[in-house]
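Heads up, structure03.cif below (mmCIF, C-alpha atoms and all ligand atoms):
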data_structure
loop_
_atom_site.label_atom_id
_atom_site.label_comp_id
_atom_site.auth_asym_id
_atom_site.auth_seq_id
_atom_site.Cartn_x
_atom_site.Cartn_y
_atom_site.Cartn_z
CA MET A 174 17.28 15.50 1.64
CA THR A 175 18.24 15.22 5.24
CA ASP A 176 20.81 12.83 6.57
CA PRO A 177 18.76 9.99 7.95
CA GLU A 178 21.66 8.01 9.33
CA LEU A 179 22.63 7.87 12.92
CA SER A 180 25.26 10.43 13.63
CA PRO A 181 28.52 8.73 14.63
CA THR A 182 28.54 10.93 17.71
CA ALA A 183 24.96 10.10 18.68
CA PRO A 184 24.50 8.49 22.08
CA THR A 185 24.49 4.73 21.72
CA GLY A 186 22.19 4.05 24.65
CA GLY A 187 18.69 5.06 23.69
CA THR A 188 15.56 5.57 25.69
CA GLU A 189 12.82 2.95 25.95
CA LEU A 190 9.73 4.38 24.30
CA SER A 191 7.13 4.06 27.00
CA PRO A 192 3.95 2.55 25.60
CA ALA A 193 2.12 4.53 28.26
CA ALA A 194 3.15 7.82 26.69
CA PRO A 195 0.62 8.52 23.92
CA GLY A 196 1.99 11.22 21.71
CA GLY A 197 5.39 10.80 23.29
CA GLY A 198 7.20 13.85 24.51
CA THR A 199 8.31 12.33 27.79
CA GLU A 200 11.75 11.30 26.62
CA PRO A 201 14.58 13.81 26.41
CA ALA A 202 14.65 15.75 23.16
CA SER A 203 16.99 14.55 20.41
CA ALA A 204 17.79 11.18 21.96
CA PRO A 205 17.51 7.90 20.09
CA VAL A 206 14.59 5.75 21.25
CA ILE A 207 14.24 2.00 21.45
CA VAL A 208 11.02 0.55 20.10
CA ARG A 209 9.68 -2.86 19.13
CA ALA A 210 9.40 -3.53 15.41
CA LEU A 211 8.63 -6.42 13.07
CA VAL A 212 11.95 -7.40 11.49
CA ALA A 213 12.92 -9.80 8.70
CA ARG A 214 16.58 -10.82 8.99
CA GLY A 215 16.72 -12.28 5.48
CA SER A 216 14.72 -13.47 2.49
CA GLY A 217 12.43 -16.24 3.68
CA ALA A 218 13.58 -15.84 7.29
CA GLU A 219 11.09 -16.09 10.13
CA LEU A 220 9.61 -12.71 11.07
CA ARG A 221 10.32 -11.60 14.61
CA VAL A 222 9.37 -8.68 16.80
CA GLU A 223 12.68 -7.14 17.87
CA ARG A 224 13.90 -4.14 19.81
CA VAL A 225 15.37 -1.58 17.40
CA ARG A 226 17.03 1.78 17.95
CA LEU A 227 15.57 4.78 16.12
CA PRO A 228 17.70 7.89 15.62
CA ALA A 229 16.48 11.20 16.98
CA PRO A 230 14.64 13.14 14.26
CA GLY A 231 17.09 15.30 12.35
CA PRO A 232 16.35 18.54 10.51
CA GLY A 233 13.07 18.21 8.63
CA GLU A 234 12.30 14.85 10.22
CA VAL A 235 9.68 13.69 12.69
CA ARG A 236 9.10 10.73 14.94
CA VAL A 237 5.62 9.25 14.65
CA THR A 238 4.11 6.94 17.27
CA ILE A 239 2.27 4.29 15.24
CA ARG A 240 -1.37 3.58 16.13
CA ALA A 241 -2.18 1.08 13.37
CA ALA A 242 -0.35 -0.48 10.42
CA GLY A 243 -1.76 -2.72 7.68
CA VAL A 244 -0.15 -5.95 6.50
CA CYS A 245 0.17 -5.38 2.74
CA HIS A 246 1.14 -7.78 -0.01
CA SER A 247 4.19 -5.67 -0.88
CA ASP A 248 5.61 -6.41 2.59
CA LEU A 249 5.15 -10.11 1.90
CA SER A 250 6.84 -9.70 -1.50
CA MET A 251 9.86 -8.17 0.24
CA VAL A 252 10.12 -11.13 2.59
CA ASN A 253 9.55 -13.92 0.09
CA GLY A 254 11.96 -12.59 -2.53
CA THR A 255 9.42 -11.43 -5.16
CA LEU A 256 10.73 -7.89 -4.68
CA ALA A 257 14.39 -7.16 -4.03
CA ALA A 258 15.07 -6.15 -0.45
CA ARG A 259 17.99 -5.50 1.89
CA PHE A 260 18.14 -6.93 5.38
CA PRO A 261 17.63 -6.65 8.28
CA LEU A 262 14.36 -5.07 7.18
CA VAL A 263 11.60 -3.49 9.24
CA LEU A 264 8.31 -4.33 7.54
CA GLY A 265 5.28 -2.11 7.07
CA HIS A 266 4.43 0.88 4.90
CA GLU A 267 0.68 1.48 5.42
CA ALA A 268 0.10 3.20 8.73
CA THR A 269 -1.39 5.94 10.82
CA GLY A 270 -0.03 7.48 13.98
CA VAL A 271 0.61 10.65 15.91
CA VAL A 272 3.58 13.03 15.64
CA ALA A 273 5.58 12.46 18.83
CA GLU A 274 8.71 14.54 18.25
CA VAL A 275 9.82 16.98 15.58
CA GLY A 276 13.34 17.67 14.39
CA PRO A 277 14.81 21.15 13.94
CA GLY A 278 12.90 23.25 11.42
CA SER A 279 9.89 20.96 11.15
CA GLN A 280 6.57 22.66 10.45
CA LEU A 281 4.56 19.92 12.18
CA THR A 282 3.17 20.01 15.71
CA VAL A 283 3.53 17.24 18.29
CA GLY A 284 0.18 15.48 18.69
CA THR A 285 -0.91 15.83 15.04
CA PRO A 286 -2.58 12.65 13.70
CA VAL A 287 -1.01 11.58 10.40
CA VAL A 288 -1.00 8.93 7.68
CA LEU A 289 2.38 7.81 6.37
CA ASN A 290 3.23 8.29 2.68
CA TRP A 291 5.62 5.74 1.15
CA ALA A 292 6.26 7.83 -1.95
CA PRO A 293 6.86 11.36 -0.66
CA ALA A 294 7.35 13.71 -3.58
CA CYS A 295 10.35 16.03 -3.81
CA ARG A 296 8.26 18.72 -5.60
CA ALA A 297 11.35 19.71 -7.60
CA CYS A 298 12.08 16.99 -10.18
CA TRP A 299 10.76 16.94 -13.74
CA TRP A 300 7.84 14.61 -12.87
CA CYS A 301 6.82 16.51 -9.76
CA ARG A 302 6.87 19.80 -11.64
CA ARG A 303 4.62 18.43 -14.37
CA GLY A 304 2.08 17.21 -11.80
CA GLU A 305 3.00 13.52 -11.64
CA PRO A 306 4.40 13.25 -8.09
CA TRP A 307 3.75 9.48 -7.99
CA LEU A 308 6.61 9.16 -10.50
CA CYS A 309 8.98 11.37 -8.47
CA ALA A 310 12.59 10.74 -9.47
CA ASP A 311 13.90 11.14 -5.90
CA THR A 312 13.80 7.54 -4.77
CA THR A 313 16.87 7.53 -2.56
CA ALA A 314 15.07 7.42 0.81
CA PRO A 315 13.90 3.78 0.70
CA THR A 316 17.43 2.55 0.04
CA VAL A 317 19.13 4.41 2.90
CA PRO A 318 19.39 2.52 6.22
CA ARG A 319 17.96 4.29 9.26
CA GLY A 320 18.36 3.26 12.86
CA GLU A 321 19.85 -0.05 13.92
CA THR A 322 19.04 -3.35 15.53
CA ASP A 323 19.66 -3.94 19.21
CA ASP A 324 22.96 -5.60 18.24
CA GLY A 325 24.04 -2.59 16.19
CA VAL A 326 23.31 -3.64 12.58
CA PRO A 327 22.00 -0.80 10.33
CA LEU A 328 18.29 -1.26 9.59
CA HIS A 329 16.56 -1.08 6.23
CA LEU A 330 12.96 0.09 6.11
CA THR A 331 10.23 -1.17 3.80
CA LEU A 332 9.55 1.62 1.27
CA GLY A 333 11.47 4.03 3.50
CA LEU A 334 8.99 3.69 6.38
CA GLY A 335 9.24 0.41 8.33
CA ALA A 336 5.86 1.12 9.86
CA LEU A 337 5.13 -2.20 11.59
CA ALA A 338 6.77 -0.76 14.67
CA GLU A 339 5.88 1.20 17.76
CA ALA A 340 7.34 4.31 16.13
CA VAL A 341 9.14 5.51 13.00
CA VAL A 342 11.48 8.41 12.25
CA VAL A 343 10.76 9.75 8.76
CA PRO A 344 11.15 12.92 6.68
CA GLU A 345 8.22 15.21 7.42
CA ARG A 346 7.21 15.11 3.79
CA ALA A 347 6.42 11.43 4.35
CA VAL A 348 3.58 12.28 6.74
CA ILE A 349 0.16 13.67 5.89
CA PRO A 350 -1.98 15.29 8.61
CA ILE A 351 -5.51 13.87 8.99
CA PRO A 352 -8.44 14.78 11.26
CA ALA A 353 -8.39 13.41 14.82
CA GLY A 354 -10.80 10.68 15.85
CA LEU A 355 -10.74 8.41 12.78
CA PRO A 356 -10.72 4.66 13.50
CA PRO A 357 -6.98 3.91 13.29
CA GLU A 358 -7.40 0.48 11.68
CA GLN A 359 -9.27 2.16 8.81
CA ALA A 360 -7.18 5.34 8.61
CA ALA A 361 -4.02 3.23 8.20
CA LEU A 362 -5.37 1.81 4.94
CA LEU A 363 -5.58 5.29 3.40
CA GLY A 364 -1.79 5.20 3.06
CA CYS A 365 -1.60 2.28 0.64
CA ALA A 366 -4.54 0.01 -0.26
CA VAL A 367 -7.24 2.65 -0.38
CA LEU A 368 -5.23 5.43 -2.03
CA THR A 369 -3.97 2.89 -4.58
CA GLY A 370 -7.39 1.36 -5.26
CA VAL A 371 -9.34 4.60 -5.37
CA GLY A 372 -6.65 6.32 -7.42
CA ALA A 373 -6.52 3.48 -9.95
CA VAL A 374 -10.24 3.93 -10.58
CA ARG A 375 -10.51 7.72 -10.40
CA ASN A 376 -7.15 8.93 -11.67
CA THR A 377 -5.65 6.22 -13.85
CA ALA A 378 -8.62 4.51 -15.50
CA ARG A 379 -11.14 7.31 -14.96
CA VAL A 380 -14.04 4.89 -14.73
CA ALA A 381 -17.26 6.62 -15.81
CA PRO A 382 -20.86 5.98 -14.71
CA GLY A 383 -22.43 3.05 -16.53
CA GLU A 384 -19.13 1.40 -17.46
CA SER A 385 -18.23 -2.21 -16.78
CA VAL A 386 -15.29 -3.24 -14.62
CA ALA A 387 -13.49 -6.48 -13.80
CA VAL A 388 -11.13 -6.74 -10.84
CA VAL A 389 -8.67 -9.64 -10.83
CA GLY A 390 -7.26 -10.47 -7.38
CA LEU A 391 -9.22 -9.59 -4.25
CA GLY A 392 -6.70 -8.66 -1.59
CA GLY A 393 -6.91 -5.30 0.18
CA VAL A 394 -6.19 -3.33 -3.00
CA GLY A 395 -8.58 -5.35 -5.18
CA LEU A 396 -11.39 -4.86 -2.69
CA ALA A 397 -10.62 -1.12 -2.55
CA VAL A 398 -10.85 -1.04 -6.38
CA LEU A 399 -14.25 -2.76 -6.25
CA SER A 400 -15.61 -0.26 -3.78
CA ALA A 401 -14.18 2.69 -5.74
CA ALA A 402 -15.69 1.33 -8.98
CA ARG A 403 -19.08 1.17 -7.27
CA ARG A 404 -18.71 4.75 -6.06
CA ALA A 405 -17.65 5.84 -9.56
CA GLY A 406 -20.99 4.58 -10.90
CA ALA A 407 -19.84 1.45 -12.72
CA THR A 408 -22.88 -0.76 -13.22
CA THR A 409 -21.28 -4.13 -13.95
CA ILE A 410 -18.55 -4.86 -11.43
CA LEU A 411 -17.06 -8.34 -11.75
CA ALA A 412 -14.89 -9.54 -8.88
CA ILE A 413 -12.50 -12.36 -9.82
CA ASP A 414 -10.34 -14.51 -7.59
CA VAL A 415 -9.09 -18.08 -7.31
CA ALA A 416 -10.57 -18.40 -3.81
CA GLU A 417 -14.30 -18.96 -3.42
CA ALA A 418 -13.89 -17.67 0.14
CA LYS A 419 -13.59 -14.13 -1.29
CA ARG A 420 -17.17 -14.16 -2.65
CA ASP A 421 -18.94 -12.59 0.33
CA LEU A 422 -16.19 -10.00 0.85
CA ALA A 423 -16.35 -9.02 -2.82
CA LEU A 424 -20.11 -8.59 -2.83
CA ALA A 425 -19.93 -6.59 0.42
CA ALA A 426 -17.24 -4.34 -1.11
CA GLY A 427 -19.43 -3.44 -4.09
CA ALA A 428 -19.14 -6.19 -6.72
CA THR A 429 -22.24 -7.06 -8.73
CA ASP A 430 -20.91 -10.58 -9.46
CA PHE A 431 -18.20 -12.83 -8.10
CA LEU A 432 -16.47 -15.13 -10.62
CA LEU A 433 -13.98 -17.86 -9.91
CA SER A 434 -10.84 -17.62 -11.98
CA ASP A 435 -11.08 -20.92 -13.89
CA ASP A 436 -11.45 -22.24 -17.45
CA ARG A 437 -14.91 -20.73 -17.82
CA LEU A 438 -13.89 -17.21 -16.80
CA SER A 439 -13.82 -15.61 -20.26
CA LYS A 440 -17.21 -17.08 -21.11
CA GLU A 441 -18.70 -15.89 -17.79
CA VAL A 442 -17.40 -12.36 -18.32
CA ARG A 443 -18.68 -12.19 -21.88
CA ALA A 444 -22.09 -13.44 -20.72
CA ARG A 445 -22.30 -10.37 -18.50
CA THR A 446 -21.02 -7.81 -21.03
CA GLU A 447 -23.08 -8.48 -24.17
CA SER A 448 -20.20 -10.65 -25.44
CA ARG A 449 -17.77 -7.71 -25.62
CA GLY A 450 -15.69 -7.94 -22.46
CA VAL A 451 -15.36 -5.21 -19.85
CA ASP A 452 -14.51 -1.57 -20.42
CA HIS A 453 -11.89 -1.70 -17.65
CA ALA A 454 -9.95 -4.57 -16.14
CA PHE A 455 -7.85 -4.01 -13.01
CA GLU A 456 -5.08 -6.47 -12.29
CA CYS A 457 -4.40 -6.44 -8.55
CA VAL A 458 -2.04 -9.39 -8.23
CA GLY A 459 1.17 -8.48 -10.07
CA ARG A 460 1.72 -11.63 -12.14
CA ALA A 461 2.08 -12.22 -15.86
CA THR A 462 -0.70 -14.84 -15.86
CA THR A 463 -3.23 -12.51 -14.25
CA ILE A 464 -2.18 -9.59 -16.46
CA ARG A 465 -2.86 -11.80 -19.49
CA ALA A 466 -6.18 -12.87 -17.96
CA ALA A 467 -7.16 -9.22 -17.43
CA TRP A 468 -6.16 -8.47 -21.04
CA ARG A 469 -8.40 -11.23 -22.38
CA LEU A 470 -11.41 -10.07 -20.32
CA THR A 471 -11.27 -6.54 -21.74
CA ARG A 472 -13.30 -5.41 -24.75
CA ARG A 473 -11.76 -4.08 -27.94
CA GLY A 474 -10.71 -0.52 -27.21
CA GLY A 475 -10.91 -1.08 -23.44
CA ALA A 476 -8.21 -0.54 -20.85
CA VAL A 477 -6.21 -2.83 -18.60
CA THR A 478 -4.80 -1.17 -15.49
CA VAL A 479 -2.04 -3.08 -13.69
CA VAL A 480 -2.16 -2.25 -9.99
CA GLY A 481 -0.24 -5.25 -8.62
CA MET A 482 3.53 -4.96 -8.17
CA GLY A 483 5.14 -8.01 -9.75
CA ALA A 484 8.58 -9.58 -10.14
CA LYS A 485 11.01 -8.18 -12.70
CA ASP A 486 11.62 -11.55 -14.40
CA ASP A 487 7.92 -12.45 -14.78
CA MET A 488 7.44 -11.72 -18.48
CA VAL A 489 4.07 -10.92 -20.07
CA SER A 490 3.61 -12.25 -23.59
CA LEU A 491 1.06 -10.67 -25.93
CA GLY A 492 0.55 -11.27 -29.63
CA ALA A 493 1.62 -8.43 -31.91
CA LEU A 494 -1.53 -8.80 -34.00
CA ASP A 495 -3.63 -9.00 -30.83
CA ILE A 496 -2.16 -5.71 -29.57
CA PHE A 497 -3.04 -4.02 -32.85
CA HIS A 498 -6.42 -5.59 -33.45
CA SER A 499 -7.75 -5.38 -29.89
CA ALA A 500 -6.87 -1.67 -29.63
CA ARG A 501 -6.64 -2.17 -25.88
CA THR A 502 -4.62 0.08 -23.60
CA LEU A 503 -2.28 -1.59 -21.08
CA ARG A 504 -0.92 0.68 -18.37
CA SER A 505 0.03 0.64 -14.73
CA SER A 506 -1.21 2.66 -11.80
CA VAL A 507 1.65 3.60 -9.47
CA TYR A 508 0.28 4.60 -6.04
CA GLY A 509 -3.06 5.29 -7.70
CA SER A 510 -1.53 7.96 -10.00
CA SER A 511 -2.26 10.14 -7.00
CA ASP A 512 -0.82 13.05 -5.11
CA PRO A 513 -1.09 11.66 -1.57
CA ASP A 514 -0.65 15.11 0.03
CA ARG A 515 -3.80 16.26 -1.75
CA GLU A 516 -5.85 13.07 -1.91
CA VAL A 517 -5.31 11.42 1.49
CA PRO A 518 -6.92 14.41 3.29
CA VAL A 519 -9.92 14.16 0.93
CA LEU A 520 -10.29 10.44 1.66
CA ALA A 521 -9.80 11.07 5.38
CA ALA A 522 -12.60 13.67 5.31
CA GLU A 523 -14.83 11.14 3.50
CA LEU A 524 -13.99 8.60 6.19
CA ALA A 525 -14.78 11.15 8.91
CA ASP A 526 -18.24 11.90 7.54
CA SER A 527 -18.94 8.23 6.71
CA ALA A 528 -19.06 8.80 2.94
CA LEU A 529 -16.26 6.23 2.84
CA ASP A 530 -16.68 3.04 4.88
CA LEU A 531 -13.59 0.86 5.03
CA GLY A 532 -15.01 -1.59 7.54
CA VAL A 533 -15.30 -4.35 4.94
CA LEU A 534 -11.58 -4.06 4.15
CA VAL A 535 -10.47 -4.75 7.71
CA SER A 536 -10.62 -8.47 8.42
CA GLY A 537 -9.31 -8.07 11.93
CA THR A 538 -6.85 -6.31 14.18
CA VAL A 539 -3.95 -7.97 15.96
CA PRO A 540 -1.25 -6.80 18.37
CA LEU A 541 2.31 -6.42 17.06
CA ASP A 542 3.33 -9.76 18.57
CA GLU A 543 0.80 -11.50 16.32
CA ALA A 544 1.95 -9.75 13.13
CA PRO A 545 3.90 -12.83 11.93
CA ALA A 546 0.67 -14.86 12.10
CA ALA A 547 -1.10 -12.12 10.14
CA PHE A 548 1.55 -12.50 7.42
CA ASP A 549 0.82 -16.24 7.32
CA ARG A 550 -2.88 -15.50 6.81
CA LEU A 551 -2.05 -13.01 4.05
CA ALA A 552 0.17 -15.60 2.34
CA ARG A 553 -2.72 -18.10 2.45
CA GLY A 554 -5.05 -15.48 0.92
CA GLU A 555 -7.30 -15.34 3.98
CA GLY A 556 -9.49 -12.28 4.47
CA ALA A 557 -8.98 -8.75 3.18
CA ARG A 558 -6.63 -6.63 5.28
CA TRP A 559 -5.15 -7.61 8.65
CA VAL A 560 -4.19 -4.57 10.65
CA VAL A 561 -1.73 -4.41 13.52
CA THR A 562 -2.92 -1.99 16.20
CA LEU A 563 -0.70 -0.48 18.88
CA ASP A 564 -1.74 1.28 22.09
ZN ZN B 601 1.03 -1.58 0.30
ZN ZN B 602 10.05 14.66 -7.51
#

Take the structure in the file and give it back as structure tokens.
Ligand SMILES: [Zn+2]
Ligand SMILES: [Zn+2]
Amino acid sequence: MTDPELSPTAPTGGTELSPAAPGGGTEPASAPVIVRALVARGSGAELRVERVRLPAPGPGEVRVTIRAAGVCHSDLSMVNGTLAARFPLVLGHEATGVVAEVGPGSQLTVGTPVVLNWAPACRACWWCRRGEPWLCADTTAPTVPRGETDDGVPLHLTLGLGALAEAVVVPERAVIPIPAGLPPEQAALLGCAVLTGVGAVRNTARVAPGESVAVVGLGGVGLAVLSAARRAGATTILAIDVAEAKRDLALAAGATDFLLSDDRLSKEVRARTESRGVDHAFECVGRATTIRAAWRLTRRGGAVTVVGMGAKDDMVSLGALDIFHSARTLRSSVYGSSDPDREVPVLAAELADSALDLGVLVSGTVPLDEAPAAFDRLARGEGARWVVTLD
């Protein structure tokens, strides 16, 4: 680990990061920079774009100029109190950008396009050594403040990144090089929604050709699961949401049917699965009620994969006899059970040669100043993914 905190002897001034300096490099080396970032000052507080001071990259760290950052439900959960958070908090954890400055000893080159990784693996702990880097035990980074507000308060960063900002300073193991020239609003999604959705299908559930799938909750991750299920060869792909407005998006993403989550849901699913229920249900909301719904839609011996990140006091109740008799598997998929360092480059290559089309996932792009409005749309369940783009 490197020391991510501002050195007490660091200059307190800071250099404005010129938006006209793509790739950076114009400011003096090893000086803090001032950038604009989307900040929440408290749980439920209004989101505001503020000037914040980033430290110079220390040993093994890099500064990345952000090109695009998605507005993900986990950011919203940090703001509305579903997930515990410390404030002031820079939002954002799904982003792409360009390496602008490297700290001492970094192996990366200025100008390299990258995707940010919110769960960088230490490669040394018990889980990393057994090939499960998504469960890495080194989780200190997201809890350590980095940089400060314009009025000198230490800043917390969503999932250790705080990527809804003009730039971030992160450990170099939290960045993954990608090919140049990818559409930034799509490349950004590789870092959370797409890696999570694709990984849940390929790595966690291992959906096989001809299998049936139900996806409960059609935000960015749910839509990514639908599209991954289609690519995995699933033949019955049921998209389920409470909002009828998601129908067209779901069908465009790869669903064979769209079903409203209402009293008739179980009957509708059984009508499409020879009365058995689906082989795989993916819960992409993170609530006890939807986890129970996913459980009920799954056939005997099938698997429920929980992809949504829920609240710690939202308890799921299942009957003991039901657990035994149904022989279902209930498990979670953390970051798509993936190794981002290995899998993001594969997805980026698929995006580059058009094998992967993420256009349907991007509902629109907005400038940083309109990010608070994008959060409002996310909270209302409008669209798929709203992406903040920066020049
Ligand atoms: Zn996310
Ligand atoms: Zn580890």

- Produce as an MDAnalysis selection string the set of residues near ligand ZN 602 (chain B), where near means within 7 Å with only C-alpha atoms and all ligand atoms considered. chainID A and resid 294:301 306 309:311

Closest atom pairs, residues of chain A within 10 Å of ligand ZN 601 (chain B), all atoms listed in the file, as a tab-separated table:
residue	atom	partner	partner_atom	distance
A:Gly243	CA	B:ZN601	ZN	8.0
A:Val244	CA	B:ZN601	ZN	7.7
A:Cys245	CA	B:ZN601	ZN	4.6
A:His246	CA	B:ZN601	ZN	6.2
A:Ser247	CA	B:ZN601	ZN	5.3
A:Asp248	CA	B:ZN601	ZN	7.0
A:Leu249	CA	B:ZN601	ZN	9.6
A:Gly265	CA	B:ZN601	ZN	8.0
A:His266	CA	B:ZN601	ZN	6.2
A:Glu267	CA	B:ZN601	ZN	6.0
A:Ala268	CA	B:ZN601	ZN	9.7
A:Trp291	CA	B:ZN601	ZN	8.7
A:Thr331	CA	B:ZN601	ZN	9.9
A:Leu332	CA	B:ZN601	ZN	9.2
A:Leu362	CA	B:ZN601	ZN	8.6
A:Gly364	CA	B:ZN601	ZN	7.8
A:Cys365	CA	B:ZN601	ZN	4.7
A:Ala366	CA	B:ZN601	ZN	5.8
A:Val367	CA	B:ZN601	ZN	9.3
A:Leu368	CA	B:ZN601	ZN	9.7
A:Thr369	CA	B:ZN601	ZN	8.3
A:Gly393	CA	B:ZN601	ZN	8.8
A:Val394	CA	B:ZN601	ZN	8.1
A:Gly481	CA	B:ZN601	ZN	9.7
A:Met482	CA	B:ZN601	ZN	9.5
A:Tyr508	CA	B:ZN601	ZN	8.9

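Minimum atom-to-atom distances from A:Val388, A:Ala213, A:Leu256, A:Val271 to A:Pro350 were compared using only C-alpha atoms, and the lowest value belongs to A:Val271.
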
- Message: Need the shell around A:Gly390: protein/DNA/RNA residues with any atom at most 9 Å away, counting all atoms listed in the file. Skip same-chain ones fewer than 3 positions apart. Format as a ChimeraX atom specification?
- Response: /A:394-396,412-415,455-458,463,481

- Message: Using all atoms listed in the file, can you tell me which of A:Ala476, A:Val272, A:Ala218, A:Ala557 comes closest to A:Ile351?
- Response: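 Among the listed residues, the smallest separation from A:Ile351 belongs to A:Val272.
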
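Atom CA of A:Ala405 is positioned 10.9 Å from atom CA of A:Ala378.
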
Where's the centre, and what are the edge lengths in Å to one decimal, of a box along x, y and z enclosing all listed atoms of stretch 424-432 of chain A padded 5 Å per side, as lines of an AutoDock Vina configuration file?
center_x = -19.4
center_y = -9.3
center_z = -5.1
size_x = 15.8
size_y = 21.7
size_z = 21.0

- Query: Which is closer to A:Arg375 than all the others in A:Thr562, A:Asn253, A:Ser506, A:Thr538, using only C-alpha atoms?
  - Reply: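 So, comparing all the options, the nearest one is A:Ser506.
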
- From the list A:Gly284, A:Gly392, A:Pro540, A:Pro232, the nearest residue to A:Leu337 using only C-alpha atoms is A:Pro540

Local residues around (-10.5, 7.6, -9.7), at most 8 Å away, using all atoms listed in the file, as a short mmCIF file (atom, residue, chain, number, x, y, z; two decimals) with C-alpha atoms, in the coordinates of the input:
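selection19.cif written:
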data_model
loop_
_atom_site.label_atom_id
_atom_site.label_comp_id
_atom_site.auth_asym_id
_atom_site.auth_seq_id
_atom_site.Cartn_x
_atom_site.Cartn_y
_atom_site.Cartn_z
CA VAL A 371 -9.34 4.60 -5.37
CA GLY A 372 -6.65 6.32 -7.42
CA ALA A 373 -6.52 3.48 -9.95
CA VAL A 374 -10.24 3.93 -10.58
CA ARG A 375 -10.51 7.72 -10.40
CA ASN A 376 -7.15 8.93 -11.67
CA THR A 377 -5.65 6.22 -13.85
CA ALA A 378 -8.62 4.51 -15.50
CA ARG A 379 -11.14 7.31 -14.96
CA VAL A 380 -14.04 4.89 -14.73
CA ALA A 401 -14.18 2.69 -5.74
CA ALA A 405 -17.65 5.84 -9.56
#

- Compare A:Ala484, A:Leu524, A:Val561, A:Ala467 by their minimum atom-to-atom distance to A:Ala353, counting all atoms listed in the file, and give me the closest one. A:Leu524

- Message: When you count all atoms listed in the file, which of these residues is closest to A:Leu308: A:Ser510, A:Leu491, A:Arg404, A:Leu281?
- Response: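 Smallest distance to A:Leu308 is found for A:Ser510.
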